[in-house]
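Below: work32.cif (mmCIF, N, CA and C atoms)
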data_protein
#
loop_
_atom_site.label_atom_id
_atom_site.label_comp_id
_atom_site.auth_asym_id
_atom_site.auth_seq_id
_atom_site.Cartn_x
_atom_site.Cartn_y
_atom_site.Cartn_z
N MET A 378 84.67 80.08 112.92
CA MET A 378 83.64 81.09 113.08
C MET A 378 83.46 81.83 111.76
N ASP A 379 82.23 82.02 111.33
CA ASP A 379 81.92 82.71 110.08
C ASP A 379 81.83 84.21 110.35
N ASN A 380 82.76 84.96 109.76
CA ASN A 380 82.75 86.41 109.94
C ASN A 380 82.10 87.13 108.76
N GLY A 381 81.45 86.37 107.87
CA GLY A 381 80.77 86.98 106.73
C GLY A 381 81.70 87.24 105.56
N ARG A 382 82.96 86.91 105.68
CA ARG A 382 83.91 87.14 104.60
C ARG A 382 84.19 85.84 103.87
N ARG A 383 84.42 85.97 102.57
CA ARG A 383 84.74 84.79 101.77
C ARG A 383 86.21 84.45 101.90
N ASP A 384 86.52 83.21 101.63
CA ASP A 384 87.90 82.76 101.60
C ASP A 384 88.62 83.51 100.48
N PRO A 385 89.78 84.13 100.78
CA PRO A 385 90.51 84.87 99.74
C PRO A 385 90.80 84.05 98.50
N ALA A 386 90.96 82.74 98.64
CA ALA A 386 91.22 81.88 97.48
C ALA A 386 90.03 81.84 96.53
N ASP A 387 88.84 82.15 97.04
CA ASP A 387 87.63 82.11 96.22
C ASP A 387 87.31 83.46 95.57
N LEU A 388 88.09 84.49 95.88
CA LEU A 388 87.78 85.82 95.37
C LEU A 388 88.26 86.00 93.94
N ASP A 389 87.48 86.73 93.17
CA ASP A 389 87.85 87.12 91.81
C ASP A 389 88.39 88.54 91.91
N ALA A 390 89.69 88.71 91.66
CA ALA A 390 90.32 90.02 91.83
C ALA A 390 89.64 91.10 91.00
N ASN A 391 89.24 90.77 89.79
CA ASN A 391 88.55 91.77 88.96
C ASN A 391 87.25 92.21 89.60
N ALA A 392 86.50 91.27 90.14
CA ALA A 392 85.23 91.60 90.77
C ALA A 392 85.44 92.46 92.01
N VAL A 393 86.46 92.14 92.79
CA VAL A 393 86.76 92.91 93.99
C VAL A 393 87.12 94.35 93.61
N VAL A 394 88.00 94.50 92.63
CA VAL A 394 88.41 95.83 92.20
C VAL A 394 87.22 96.60 91.64
N ASP A 395 86.41 95.94 90.81
CA ASP A 395 85.26 96.63 90.22
C ASP A 395 84.26 97.06 91.29
N GLU A 396 84.03 96.21 92.28
CA GLU A 396 83.11 96.56 93.37
C GLU A 396 83.65 97.74 94.18
N LEU A 397 84.93 97.70 94.49
CA LEU A 397 85.53 98.80 95.25
C LEU A 397 85.46 100.10 94.46
N TYR A 398 85.70 100.04 93.16
CA TYR A 398 85.62 101.23 92.31
C TYR A 398 84.20 101.80 92.33
N ARG A 399 83.20 100.91 92.26
CA ARG A 399 81.80 101.37 92.32
C ARG A 399 81.50 102.04 93.66
N VAL A 400 82.02 101.49 94.73
CA VAL A 400 81.83 102.09 96.06
C VAL A 400 82.49 103.47 96.09
N ILE A 401 83.69 103.57 95.56
CA ILE A 401 84.39 104.87 95.51
C ILE A 401 83.55 105.88 94.73
N LEU A 402 83.04 105.47 93.57
CA LEU A 402 82.20 106.39 92.78
C LEU A 402 80.96 106.81 93.56
N SER A 403 80.36 105.87 94.27
CA SER A 403 79.12 106.17 95.00
C SER A 403 79.37 107.13 96.17
N ARG A 404 80.57 107.11 96.70
CA ARG A 404 80.89 107.98 97.84
C ARG A 404 81.46 109.32 97.42
N ARG A 405 81.67 109.48 96.16
CA ARG A 405 82.27 110.73 95.65
C ARG A 405 81.48 111.96 96.08
N GLN A 406 80.17 111.87 96.09
CA GLN A 406 79.31 113.00 96.45
C GLN A 406 78.79 112.92 97.88
N ALA A 407 79.33 112.00 98.66
CA ALA A 407 78.89 111.86 100.05
C ALA A 407 79.39 113.05 100.88
N ASP A 408 79.00 113.06 102.12
CA ASP A 408 79.40 114.12 103.05
C ASP A 408 80.86 113.92 103.45
N PRO A 409 81.73 114.87 103.16
CA PRO A 409 83.15 114.74 103.54
C PRO A 409 83.36 114.59 105.05
N ALA A 410 82.39 114.98 105.83
CA ALA A 410 82.52 114.83 107.28
C ALA A 410 82.37 113.38 107.71
N THR A 411 81.75 112.56 106.86
CA THR A 411 81.50 111.16 107.24
C THR A 411 82.13 110.15 106.28
N SER A 412 82.74 110.61 105.19
CA SER A 412 83.31 109.70 104.20
C SER A 412 84.73 110.12 103.84
N TYR A 413 85.66 109.21 104.06
CA TYR A 413 87.06 109.47 103.70
C TYR A 413 87.19 109.74 102.21
N VAL A 414 86.51 108.93 101.39
CA VAL A 414 86.57 109.10 99.94
C VAL A 414 86.04 110.48 99.55
N ALA A 415 84.90 110.85 100.10
CA ALA A 415 84.33 112.17 99.79
C ALA A 415 85.28 113.28 100.21
N ARG A 416 85.95 113.10 101.33
CA ARG A 416 86.91 114.10 101.81
C ARG A 416 88.08 114.23 100.82
N LEU A 417 88.56 113.09 100.31
CA LEU A 417 89.64 113.16 99.31
C LEU A 417 89.19 113.93 98.07
N PHE A 418 88.01 113.59 97.57
CA PHE A 418 87.50 114.28 96.38
C PHE A 418 87.28 115.77 96.65
N ALA A 419 86.79 116.09 97.83
CA ALA A 419 86.53 117.50 98.18
C ALA A 419 87.83 118.29 98.23
N ARG A 420 88.91 117.65 98.62
CA ARG A 420 90.20 118.34 98.71
C ARG A 420 90.90 118.43 97.36
N GLY A 421 90.40 117.71 96.37
CA GLY A 421 90.88 117.87 95.00
C GLY A 421 91.94 116.88 94.55
N SER A 422 92.26 116.99 93.27
CA SER A 422 93.20 116.07 92.63
C SER A 422 94.58 116.10 93.26
N ASP A 423 95.04 117.27 93.66
CA ASP A 423 96.37 117.35 94.26
C ASP A 423 96.46 116.50 95.52
N ARG A 424 95.41 116.50 96.34
CA ARG A 424 95.41 115.70 97.57
C ARG A 424 95.38 114.21 97.23
N ILE A 425 94.60 113.86 96.23
CA ILE A 425 94.54 112.45 95.81
C ILE A 425 95.92 112.00 95.33
N LEU A 426 96.57 112.82 94.53
CA LEU A 426 97.92 112.49 94.04
C LEU A 426 98.91 112.39 95.20
N GLN A 427 98.78 113.28 96.16
CA GLN A 427 99.66 113.24 97.34
C GLN A 427 99.48 111.91 98.09
N LYS A 428 98.23 111.48 98.25
CA LYS A 428 97.97 110.23 98.96
C LYS A 428 98.55 109.04 98.20
N VAL A 429 98.45 109.04 96.87
CA VAL A 429 99.04 107.95 96.09
C VAL A 429 100.55 107.91 96.33
N GLY A 430 101.18 109.07 96.30
CA GLY A 430 102.61 109.14 96.56
C GLY A 430 102.98 108.66 97.95
N GLU A 431 102.21 109.08 98.95
CA GLU A 431 102.48 108.66 100.33
C GLU A 431 102.38 107.15 100.47
N GLU A 432 101.33 106.59 99.89
CA GLU A 432 101.13 105.14 99.99
C GLU A 432 102.23 104.39 99.25
N ALA A 433 102.69 104.91 98.12
CA ALA A 433 103.78 104.26 97.39
C ALA A 433 105.06 104.26 98.22
N ILE A 434 105.34 105.38 98.88
CA ILE A 434 106.54 105.46 99.73
C ILE A 434 106.42 104.50 100.90
N GLU A 435 105.25 104.43 101.53
CA GLU A 435 105.06 103.50 102.65
C GLU A 435 105.26 102.05 102.19
N LEU A 436 104.81 101.73 100.99
CA LEU A 436 105.02 100.39 100.44
C LEU A 436 106.51 100.12 100.24
N LEU A 437 107.22 101.08 99.68
CA LEU A 437 108.65 100.90 99.45
C LEU A 437 109.41 100.68 100.76
N LEU A 438 109.05 101.44 101.78
CA LEU A 438 109.72 101.28 103.07
C LEU A 438 109.42 99.91 103.69
N ALA A 439 108.18 99.47 103.60
CA ALA A 439 107.83 98.15 104.13
C ALA A 439 108.58 97.05 103.37
N ALA A 440 108.69 97.20 102.06
CA ALA A 440 109.40 96.19 101.26
C ALA A 440 110.89 96.21 101.56
N LYS A 441 111.44 97.40 101.70
CA LYS A 441 112.87 97.53 102.02
C LYS A 441 113.19 96.81 103.32
N ASN A 442 112.28 96.92 104.28
CA ASN A 442 112.48 96.29 105.59
C ASN A 442 111.97 94.85 105.63
N ARG A 443 111.52 94.35 104.48
CA ARG A 443 111.08 92.96 104.33
C ARG A 443 110.02 92.56 105.36
N ARG A 444 109.05 93.44 105.55
CA ARG A 444 107.94 93.19 106.47
C ARG A 444 106.74 92.78 105.64
N SER A 445 106.59 91.49 105.43
CA SER A 445 105.60 90.99 104.49
C SER A 445 104.17 91.39 104.85
N GLY A 446 103.82 91.37 106.12
CA GLY A 446 102.47 91.79 106.50
C GLY A 446 102.22 93.24 106.17
N GLU A 447 103.21 94.09 106.41
CA GLU A 447 103.08 95.51 106.07
C GLU A 447 103.05 95.70 104.56
N VAL A 448 103.82 94.91 103.82
CA VAL A 448 103.81 95.02 102.36
C VAL A 448 102.40 94.74 101.83
N VAL A 449 101.78 93.69 102.33
CA VAL A 449 100.41 93.36 101.89
C VAL A 449 99.46 94.52 102.20
N ALA A 450 99.53 95.05 103.42
CA ALA A 450 98.65 96.15 103.82
C ALA A 450 98.91 97.39 102.98
N GLU A 451 100.17 97.70 102.71
CA GLU A 451 100.50 98.90 101.93
C GLU A 451 100.13 98.74 100.46
N VAL A 452 100.25 97.53 99.92
CA VAL A 452 99.80 97.29 98.55
C VAL A 452 98.29 97.54 98.47
N ALA A 453 97.56 97.04 99.45
CA ALA A 453 96.11 97.26 99.47
C ALA A 453 95.79 98.75 99.56
N ASP A 454 96.52 99.49 100.42
CA ASP A 454 96.31 100.94 100.53
C ASP A 454 96.61 101.64 99.21
N LEU A 455 97.70 101.23 98.56
CA LEU A 455 98.07 101.86 97.29
C LEU A 455 97.04 101.57 96.21
N ILE A 456 96.59 100.33 96.13
CA ILE A 456 95.57 99.98 95.13
C ILE A 456 94.30 100.79 95.39
N PHE A 457 93.89 100.91 96.64
CA PHE A 457 92.71 101.71 96.97
C PHE A 457 92.88 103.14 96.47
N HIS A 458 94.01 103.76 96.79
CA HIS A 458 94.21 105.15 96.40
C HIS A 458 94.40 105.31 94.89
N LEU A 459 94.94 104.27 94.24
CA LEU A 459 95.00 104.30 92.77
C LEU A 459 93.60 104.25 92.18
N LEU A 460 92.71 103.51 92.80
CA LEU A 460 91.32 103.47 92.33
C LEU A 460 90.63 104.82 92.53
N VAL A 461 90.95 105.50 93.62
CA VAL A 461 90.42 106.85 93.82
C VAL A 461 90.96 107.76 92.72
N LEU A 462 92.24 107.63 92.41
CA LEU A 462 92.84 108.42 91.33
C LEU A 462 92.16 108.13 89.99
N LEU A 463 91.93 106.86 89.69
CA LEU A 463 91.24 106.51 88.46
C LEU A 463 89.85 107.13 88.42
N ALA A 464 89.13 107.07 89.53
CA ALA A 464 87.79 107.67 89.58
C ALA A 464 87.87 109.17 89.36
N ASP A 465 88.87 109.81 89.95
CA ASP A 465 89.04 111.25 89.78
C ASP A 465 89.31 111.60 88.32
N GLN A 466 90.01 110.72 87.61
CA GLN A 466 90.33 110.93 86.20
C GLN A 466 89.26 110.38 85.26
N GLU A 467 88.21 109.77 85.87
CA GLU A 467 87.11 109.15 85.12
C GLU A 467 87.61 108.05 84.19
N ILE A 468 88.52 107.23 84.73
CA ILE A 468 89.08 106.08 84.01
C ILE A 468 88.62 104.82 84.73
N PRO A 469 87.88 103.95 84.07
CA PRO A 469 87.44 102.72 84.73
C PRO A 469 88.59 101.71 84.84
N PRO A 470 88.55 100.86 85.85
CA PRO A 470 89.58 99.83 86.00
C PRO A 470 89.72 98.96 84.75
N ALA A 471 88.65 98.80 84.00
CA ALA A 471 88.72 97.98 82.78
C ALA A 471 89.74 98.53 81.79
N ALA A 472 89.97 99.83 81.80
CA ALA A 472 90.97 100.42 80.90
C ALA A 472 92.37 99.95 81.28
N VAL A 473 92.63 99.83 82.57
CA VAL A 473 93.93 99.34 83.03
C VAL A 473 94.07 97.86 82.69
N ARG A 474 92.99 97.10 82.92
CA ARG A 474 93.04 95.67 82.56
C ARG A 474 93.30 95.49 81.07
N ALA A 475 92.68 96.32 80.24
CA ALA A 475 92.90 96.23 78.79
C ALA A 475 94.35 96.52 78.43
N GLU A 476 94.93 97.51 79.11
CA GLU A 476 96.34 97.83 78.84
C GLU A 476 97.26 96.69 79.28
N LEU A 477 96.97 96.10 80.43
CA LEU A 477 97.76 94.95 80.88
C LEU A 477 97.62 93.78 79.92
N GLU A 478 96.42 93.56 79.44
CA GLU A 478 96.18 92.48 78.47
C GLU A 478 96.94 92.76 77.17
N ARG A 479 96.95 94.01 76.74
CA ARG A 479 97.67 94.37 75.52
C ARG A 479 99.16 94.05 75.67
N ARG A 480 99.69 94.24 76.85
CA ARG A 480 101.12 94.02 77.10
C ARG A 480 101.47 92.56 77.37
N ARG A 481 100.47 91.74 77.66
CA ARG A 481 100.74 90.35 78.00
C ARG A 481 101.40 89.63 76.83
N GLY A 482 102.43 88.88 77.14
CA GLY A 482 103.13 88.12 76.12
C GLY A 482 104.15 88.94 75.35
N CYS A 483 104.27 90.20 75.71
CA CYS A 483 105.23 91.08 75.04
C CYS A 483 106.41 91.29 75.98
N SER A 484 107.59 91.20 75.47
CA SER A 484 108.77 91.45 76.30
C SER A 484 108.68 92.85 76.88
N GLY A 485 109.02 92.99 78.15
CA GLY A 485 109.02 94.30 78.78
C GLY A 485 109.93 95.27 78.08
N LEU A 486 111.06 94.79 77.61
CA LEU A 486 112.00 95.66 76.89
C LEU A 486 111.42 96.11 75.55
N THR A 487 110.77 95.19 74.85
CA THR A 487 110.14 95.52 73.58
C THR A 487 109.01 96.51 73.78
N GLU A 488 108.18 96.27 74.80
CA GLU A 488 107.06 97.16 75.07
C GLU A 488 107.55 98.55 75.43
N LYS A 489 108.58 98.63 76.25
CA LYS A 489 109.12 99.93 76.65
C LYS A 489 109.71 100.65 75.45
N ALA A 490 110.42 99.96 74.59
CA ALA A 490 111.01 100.58 73.39
C ALA A 490 109.93 101.12 72.48
N ALA A 491 108.79 100.44 72.42
CA ALA A 491 107.69 100.90 71.56
C ALA A 491 107.09 102.20 72.05
N ARG A 492 107.19 102.47 73.36
CA ARG A 492 106.67 103.71 73.92
C ARG A 492 107.62 104.87 73.74
N ASN A 493 108.87 104.61 73.51
CA ASN A 493 109.87 105.69 73.39
C ASN A 493 110.12 106.10 71.96
#
Show me, as structure tokens, the structure contained in the file I just sent.
Amino acid sequence: MDNGRRDPADLDANAVVDELYRVILSRRQADPATSYVARLFARGSDRILQKVGEEAIELLLAAKNRRSGEVVAEVADLIFHLLVLLADQEIPPAAVRAELERRRGCSGLTEKAARN
């Protein structure tokens, strides 16, 4: 049965993230009574940061308990809330991709030492 969704194997992660970020930006000024994203923005940066922390903790608990389905769902929740945080900070996802690309091929220990 066709539910209108594409096969996950055919998805481009960058395109999905960029589309979601655009949706988040578009809902920033929406009515907080009808939009979760607008409600987060209306409550301010502290609430957005709190939600990122909550989702990170939920992910850690799911991983600790080795519940793979919950881990996938919590990773998705965390990524969503991180995108809200990026929008709040006016940082496009491309900036994160550029930083990851900069680090590619570099030893994690070397990269960390360069930051300290």
Point-to-point distance in Å for atom N of Val452 (chain A) and atom C of Arg492 (chain A):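 So the two atoms, atom C of Arg492 (chain A) and atom N of Val452 (chain A), lie 28.2 Å apart.
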Nearby residues (all atoms listed in the file) at most 8 Å from region 459-476 of chain A, same-chain spacing under 2 positions excluded, as a tab-separated table (two decimals) with N, CA and C atoms, keeping the file's coordinate frame:
chain	number	residue	atom	x	y	z
A	394	VAL	N	88.00	94.50	92.63
A	394	VAL	CA	88.41	95.83	92.20
A	394	VAL	C	87.22	96.60	91.64
A	395	ASP	N	86.41	95.94	90.81
A	395	ASP	CA	85.26	96.63	90.22
A	395	ASP	C	84.26	97.06	91.29
A	397	LEU	N	84.93	97.70	94.49
A	397	LEU	CA	85.53	98.80	95.25
A	397	LEU	C	85.46	100.10	94.46
A	398	TYR	N	85.70	100.04	93.16
A	398	TYR	CA	85.62	101.23	92.31
A	398	TYR	C	84.20	101.80	92.33
A	401	ILE	N	83.69	103.57	95.56
A	401	ILE	CA	84.39	104.87	95.51
A	401	ILE	C	83.55	105.88	94.73
A	402	LEU	N	83.04	105.47	93.57
A	402	LEU	CA	82.20	106.39	92.78
A	402	LEU	C	80.96	106.81	93.56
A	414	VAL	N	86.51	108.93	101.39
A	414	VAL	CA	86.57	109.10	99.94
A	414	VAL	C	86.04	110.48	99.55
A	418	PHE	N	88.01	113.59	97.57
A	418	PHE	CA	87.50	114.28	96.38
A	418	PHE	C	87.28	115.77	96.65
A	421	GLY	N	90.40	117.71	96.37
A	421	GLY	CA	90.88	117.87	95.00
A	421	GLY	C	91.94	116.88	94.55
A	422	SER	N	92.26	116.99	93.27
A	422	SER	CA	93.20	116.07	92.63
A	422	SER	C	94.58	116.10	93.26
A	425	ILE	N	94.60	113.86	96.23
A	425	ILE	CA	94.54	112.45	95.81
A	425	ILE	C	95.92	112.00	95.33
A	426	LEU	N	96.57	112.82	94.53
A	426	LEU	CA	97.92	112.49	94.04
A	426	LEU	C	98.91	112.39	95.20
A	428	LYS	N	98.23	111.48	98.25
A	428	LYS	CA	97.97	110.23	98.96
A	428	LYS	C	98.55	109.04	98.20
A	429	VAL	N	98.45	109.04	96.87
A	429	VAL	CA	99.04	107.95	96.09
A	429	VAL	C	100.55	107.91	96.33
A	453	ALA	N	97.56	97.04	99.45
A	453	ALA	CA	96.11	97.26	99.47
A	453	ALA	C	95.79	98.75	99.56
A	454	ASP	N	96.52	99.49	100.42
A	454	ASP	CA	96.31	100.94	100.53
A	454	ASP	C	96.61	101.64	99.21
A	455	LEU	N	97.70	101.23	98.56
A	455	LEU	CA	98.07	101.86	97.29
A	455	LEU	C	97.04	101.57	96.21
A	456	ILE	N	96.59	100.33	96.13
A	456	ILE	CA	95.57	99.98	95.13
A	456	ILE	C	94.30	100.79	95.39
A	457	PHE	N	93.89	100.91	96.64
A	457	PHE	CA	92.71	101.71	96.97
A	457	PHE	C	92.88	103.14	96.47
A	478	GLU	N	96.42	93.56	79.44
A	478	GLU	CA	96.18	92.48	78.47
A	478	GLU	C	96.94	92.76	77.17
A	479	ARG	N	96.95	94.01	76.74
A	479	ARG	CA	97.67	94.37	75.52
A	479	ARG	C	99.16	94.05	75.67
A	480	ARG	N	99.69	94.24	76.85
A	480	ARG	CA	101.12	94.02	77.10
A	480	ARG	C	101.47	92.56	77.37
A	481	ARG	N	100.47	91.74	77.66
A	481	ARG	CA	100.74	90.35	78.00
A	481	ARG	C	101.40	89.63	76.83
Contact residues around Glu451 (chain A) with only N, CA and C atoms at 8 Å, ignoring same-chain residues under 3 positions, as an MDAnalysis selection string: chainID A and resid 432:433 435:437 439 445:448 454:457
I need the residues from that last selection saved to file as an mmCIF file, in the coordinates of the input (with N, CA and C atoms), if you can.
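Once written, out31.cif looks like this:
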data_model
loop_
_atom_site.group_PDB
_atom_site.id
_atom_site.type_symbol
_atom_site.label_atom_id
_atom_site.label_comp_id
_atom_site.auth_asym_id
_atom_site.auth_seq_id
_atom_site.Cartn_x
_atom_site.Cartn_y
_atom_site.Cartn_z
ATOM 1 N N GLU A 432 101.330 106.590 99.890
ATOM 2 C CA GLU A 432 101.130 105.140 99.990
ATOM 3 C C GLU A 432 102.230 104.390 99.250
ATOM 4 N N ALA A 433 102.690 104.910 98.120
ATOM 5 C CA ALA A 433 103.780 104.260 97.390
ATOM 6 C C ALA A 433 105.060 104.260 98.220
ATOM 7 N N GLU A 435 105.250 104.430 101.530
ATOM 8 C CA GLU A 435 105.060 103.500 102.650
ATOM 9 C C GLU A 435 105.260 102.050 102.190
ATOM 10 N N LEU A 436 104.810 101.730 100.990
ATOM 11 C CA LEU A 436 105.020 100.390 100.440
ATOM 12 C C LEU A 436 106.510 100.120 100.240
ATOM 13 N N LEU A 437 107.220 101.080 99.680
ATOM 14 C CA LEU A 437 108.650 100.900 99.450
ATOM 15 C C LEU A 437 109.410 100.680 100.760
ATOM 16 N N ALA A 439 108.180 99.470 103.600
ATOM 17 C CA ALA A 439 107.830 98.150 104.130
ATOM 18 C C ALA A 439 108.580 97.050 103.370
ATOM 19 N N SER A 445 106.590 91.490 105.430
ATOM 20 C CA SER A 445 105.600 90.990 104.490
ATOM 21 C C SER A 445 104.170 91.390 104.850
ATOM 22 N N GLY A 446 103.820 91.370 106.120
ATOM 23 C CA GLY A 446 102.470 91.790 106.500
ATOM 24 C C GLY A 446 102.220 93.240 106.170
ATOM 25 N N GLU A 447 103.210 94.090 106.410
ATOM 26 C CA GLU A 447 103.080 95.510 106.070
ATOM 27 C C GLU A 447 103.050 95.700 104.560
ATOM 28 N N VAL A 448 103.820 94.910 103.820
ATOM 29 C CA VAL A 448 103.810 95.020 102.360
ATOM 30 C C VAL A 448 102.400 94.740 101.830
ATOM 31 N N ASP A 454 96.520 99.490 100.420
ATOM 32 C CA ASP A 454 96.310 100.940 100.530
ATOM 33 C C ASP A 454 96.610 101.640 99.210
ATOM 34 N N LEU A 455 97.700 101.230 98.560
ATOM 35 C CA LEU A 455 98.070 101.860 97.290
ATOM 36 C C LEU A 455 97.040 101.570 96.210
ATOM 37 N N ILE A 456 96.590 100.330 96.130
ATOM 38 C CA ILE A 456 95.570 99.980 95.130
ATOM 39 C C ILE A 456 94.300 100.790 95.390
ATOM 40 N N PHE A 457 93.890 100.910 96.640
ATOM 41 C CA PHE A 457 92.710 101.710 96.970
ATOM 42 C C PHE A 457 92.880 103.140 96.470
#
All alpha helix (DSSP H) positions in chain A, as a PyMOL selection string: chain A and resi 390-404+413-420+422-441+445-465+470-480+485-492
Atom-to-atom span, CA of Tyr413 (chain A) and CA of Gly430 (chain A), Å: 17.1 Å
Contacts of Pro409 (chain A) at 7 Å (only C-alpha atoms; same-chain gap of 5+ positions) as a list in words: Ala415, Arg416 and Ala419 of chain A
Point-to-point distance in Å for CA of Val449 (chain A) and CA of Asp408 (chain A): 29.6 Å
